[in-house]
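Notes follow the structure.
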Amino acid sequence: MSQNSGSNSQSTPLLQDTANNSYSVIRKEPEDAPQDEAHQRANDEYGLYHYVSVCSRLNQKTTHIVNDNDGEAFDNVPQTKRQLGLFSAVFLVFNRVIGTGIFATPSVILRTSGSVGVALLMWFVGALIAAMGTVVYIELGTGLPRSGGEKNYLEFIYRRPQFLTTCAYSIYAVITGSAAANSVVFGEYVIHALGAQPSQFNTRFIGVFCLTFILLLHGLHSKWGVRLQNSLAMFKLVILSAIALCGILSLAGCAGFAVKTEYEVPTNFQWDKIWKGSRGDVNAFVTGLYNVIWSVSFVGYSTANYALSEVRDPVHTIKRAAPIAMSAVTMVYIFVNVAYFAVVSKNDILGSKRIVAALFFRNLFGEEMERALSVFIALSTLGNLLSGQFSQGRVVQELGREGLLPFSAFFASNKPYGAPLAGLFTQYVVSVAFVVLPPPGDAYLFMISLSSYCYALINALVSFGLLLLYTPYLQAYDWRPPFRAPTFIVLLFAISNLFLVVFPIVPPASGSRTYEHLPYWSHVVVAFSVSVVGIGYWVIWVKWLPRKKGYGLVREWVLQDDGVSRCVFRKVPS
């Protein structure tokens, strides 16, 4: 059973009474916690103080109080559920951030920027924004160390009207968790690796097969799923490091790493060439930066926050895992880009329709290595999919634990295999629908743009909400996390997210089209509109039905047979 104290840095102890085999959450005020009415009311609104006793079939033989110094008592899930240590948490983030973008997007960035120098500058700026996001999410994760990510932060900050935030966010959670795009990319590279010709049917078939494999692995054999995604992350790190090393050796003129004579020798790092062709207009720089952040997926630093209830010692682990992972990602991105520009000429990158990684392997090792590259990219994508579905399944489970959605007990459960199979299956159904149903062209691009924009919108709400927690306006919430991000970093991160929300509304440059047949702002309008579904559900379930039938809703915590707590609502005559 999971309950919080009035301070975020401490959690209510969970007392197990073996005499009647039940758990009781005891209300405990921190000695230095404010006792005024405003603080009491604010914490009661969030459900921080409860006394609950629930029965459970548990086998523990001793009575103990859970130690909350490491954050584990914040969400008292069974200890066997905490399967992720520092190593797994680092690779969870690393896998989620690095997918296919680093193999292909550098050519898009170069085309947008016009020069090698500006392209590299965009990568540095993207890394800085990702670093700011990492620091912000460390603060949020240490302050509310339980699975769910943005769901928890939005609920904590935006408490009024009660339950509205959860209902509205649930729709966004499903959209942003879709793995449709990467599963199709996985299918394409598997077909390439087999030496066949990709088609709409075979790529989507393999994409659905991949999603099914992930569902069964994470849903039925969770420990093996974690082992596989850790192994793929290590493999990915080794391959990308090898690419970076080969490029640097080529740049240094080492024997055996020279560009083959039949291809143009690059001069990208000569001072008179590195800035040549730079586009000075702000729109071009902004477009390239947007591609760096979204197409390459620098976003992903918050992945461990989605599964903190399964992390051992979550407060200390998240403070180390996220910086280690994002530092590794940044170094890989920068050095791999340097390697590409050291081996492939600017003209070749801009003039060829092949991805820049293919040109790199061709120039150093010959055409026959391209099939090996397809295998590398497919495995990198598989690692990304495993990490993404692992974390998103936990978000759906946390929504079930809130008790607001239909069939909440089903979604909150870890039965029968000790994993959130219902949450994973929900994401599977949505992802398969996005793979199979949309025709190629605008509809598919629209789905990808919609998911990205929803993510930016949620990030903006979270970051500006965190700034509000620092103000006297929300002082009663008593926000005191174990780790505090510098205010100026939170402010810069909030502004960068606001930019990502506003920029897609600006009309594209003349001659440039976002879609072939849809208005460029289509995904923006739909992103705002989908919240209406959640709001409508809230109006009917929380407001209209209780008023019409004359009852009130009272929320209580119960402990399921699998040891995971969840909320239930009782209808009390008003």
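Residue numbering restarts at 1 for every chain of the structure tokens, chains are lettered A, B, ... in their displayed order, and ligands are numbered from 1 as they appear.
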
Enumerate, as a PyMOL selection string, the complete set of residues in segment 390-569 of chain A that a backbone-based DSSP assignment places in helix (DSSP H, G or I).
chain A and resi 390-401+408-412+421-436+442-469+472-477+487-505+522-529+531-549

Which residues of segment 165-280 of chain A come within 12 Å of segment 104-109 of chain A, and what is each one's closest atom pair and distance in Å (one decimal), counting only C-alpha atoms, sorted by chain and residue number, as CSV?
```
residue,atom,partner,partner_atom,distance
A:Val185,CA,A:Ala104,CA,11.6
A:Ser278,CA,A:Ile109,CA,11.8
A:Arg279,CA,A:Ile109,CA,11.8
```

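Every protein or nucleic acid residue with an atom no more than 8 Å from Tyr306 of chain A, counting only C-alpha atoms and leaving out same-chain residues fewer than 4 positions away, appears here: A:Arg146, A:Ser147, A:Gly148, A:Gly149, A:Glu150, A:Ser302, A:Ser391, A:Gln392, A:Arg394, A:Val395.
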
Would you pick out the contacts of segment 307-319 of chain A at 7 Å or less, using only C-alpha atoms, so that residues sharing its chain but fewer than 3 positions from it are not included, and give the list as number ranges by chain?
A: 70-72, 75, 77, 81-86, 138, 142, 145-148, 304, 322, 391, 394

Any idea what's packed within 8 Å of Leu373 of chain A, counting only C-alpha atoms, ignoring anything in its chain fewer than 5 positions away? Could you give it as a PyMOL selection string?
chain A and resi 357-358+361

Ranking A:Leu545, A:Ile377, A:Ala73, A:Leu154 by minimum distance to Thr100 of chain A and counting only C-alpha atoms, which one comes first?
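Using only C-alpha atoms, the shortest distance to Thr100 of chain A belongs to A:Ile377.
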
Residues within 12 Å of Phe285 of chain A, only C-alpha atoms, excluding chain neighbours under 4 positions, as an MDAnalysis selection string:
chainID A and resid 109:115 118:123 125:126 278:281 289:292

For the atom pair atom CA of Ser531 of chain A and atom CA of Ala168 of chain A, what is the interatomic distance in Å to one decimal place?
5.2 Å

Contacts of Pro266 of chain A at 9 Å or less, counting only C-alpha atoms, minus same-chain residues fewer than 4 places along, as a list in words?
Val259, Phe341, Ala342, Val343, Val344, Ser345, Lys346, Asn347 and Asp348 of chain A

Among segment 25-265 of chain A, which residues carry a DSSP assignment of strand (DSSP E), reported as a PyMOL selection string?
chain A and resi 25+52-55

Mind writing the picked residues with all heavy atoms as a compact mmCIF listing (two decimals), in the first residue's frame?
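Printed below is result-v9.txt as written:
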```
# COMPACT_ATOMS: atom_id res chain seq x y z
N VAL A 25 -1.78 1.89 6.86
CA VAL A 25 -0.99 3.09 6.65
C VAL A 25 -1.26 4.02 7.81
O VAL A 25 -2.40 4.41 8.05
CB VAL A 25 -1.36 3.77 5.33
CG1 VAL A 25 -0.67 5.10 5.22
CG2 VAL A 25 -0.92 2.88 4.19
N VAL A 52 -5.92 3.40 6.37
CA VAL A 52 -6.58 2.33 5.64
C VAL A 52 -6.10 0.99 6.19
O VAL A 52 -4.93 0.84 6.52
CB VAL A 52 -6.25 2.40 4.13
CG1 VAL A 52 -7.04 1.36 3.37
CG2 VAL A 52 -6.53 3.78 3.59
N SER A 53 -6.98 0.06 6.27
CA SER A 53 -6.59 -1.30 6.65
C SER A 53 -7.18 -2.25 5.63
O SER A 53 -8.37 -2.23 5.38
CB SER A 53 -7.12 -1.64 8.05
OG SER A 53 -6.72 -2.94 8.40
N VAL A 54 -6.35 -3.04 5.02
CA VAL A 54 -6.82 -3.95 3.99
C VAL A 54 -6.26 -5.33 4.24
O VAL A 54 -5.15 -5.48 4.76
CB VAL A 54 -6.40 -3.46 2.58
CG1 VAL A 54 -7.12 -2.20 2.22
CG2 VAL A 54 -4.91 -3.27 2.50
N CYS A 55 -7.02 -6.30 3.89
CA CYS A 55 -6.59 -7.69 4.10
C CYS A 55 -5.83 -8.19 2.89
O CYS A 55 -6.07 -7.78 1.78
CB CYS A 55 -7.80 -8.58 4.36
SG CYS A 55 -8.61 -8.18 5.93
```

Restricting the calculation to only C-alpha atoms, which member of A:Leu445, A:Leu379, A:Ala258, A:Leu468 is positioned closest to Phe360 of chain A?
A:Ala258

Computed interatomic separation between atom CA of Thr487 of chain A and atom CA of Val299 of chain A (Å)
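Separation of atom CA of Thr487 of chain A and atom CA of Val299 of chain A: 20.7 Å.
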
Report, in Å with one decimal, the straight-line distance from atom CA of Val462 of chain A to atom CA of Ile535 of chain A.
18.5 Å

Quick one: which segment 468-543 of chain A residues come within 10 Å of segment 552-573 of chain A, and what is the nearest atom pair for each with the distance in Å to one decimal, counting only C-alpha atoms, rows ordered by chain and ascending number, as a tab-separated table?
```
residue	atom	partner	partner_atom	distance
A:Trp541	CA	A:Leu553	CA	9.8
A:Val542	CA	A:Leu553	CA	7.7
A:Lys543	CA	A:Gly552	CA	9.3
```
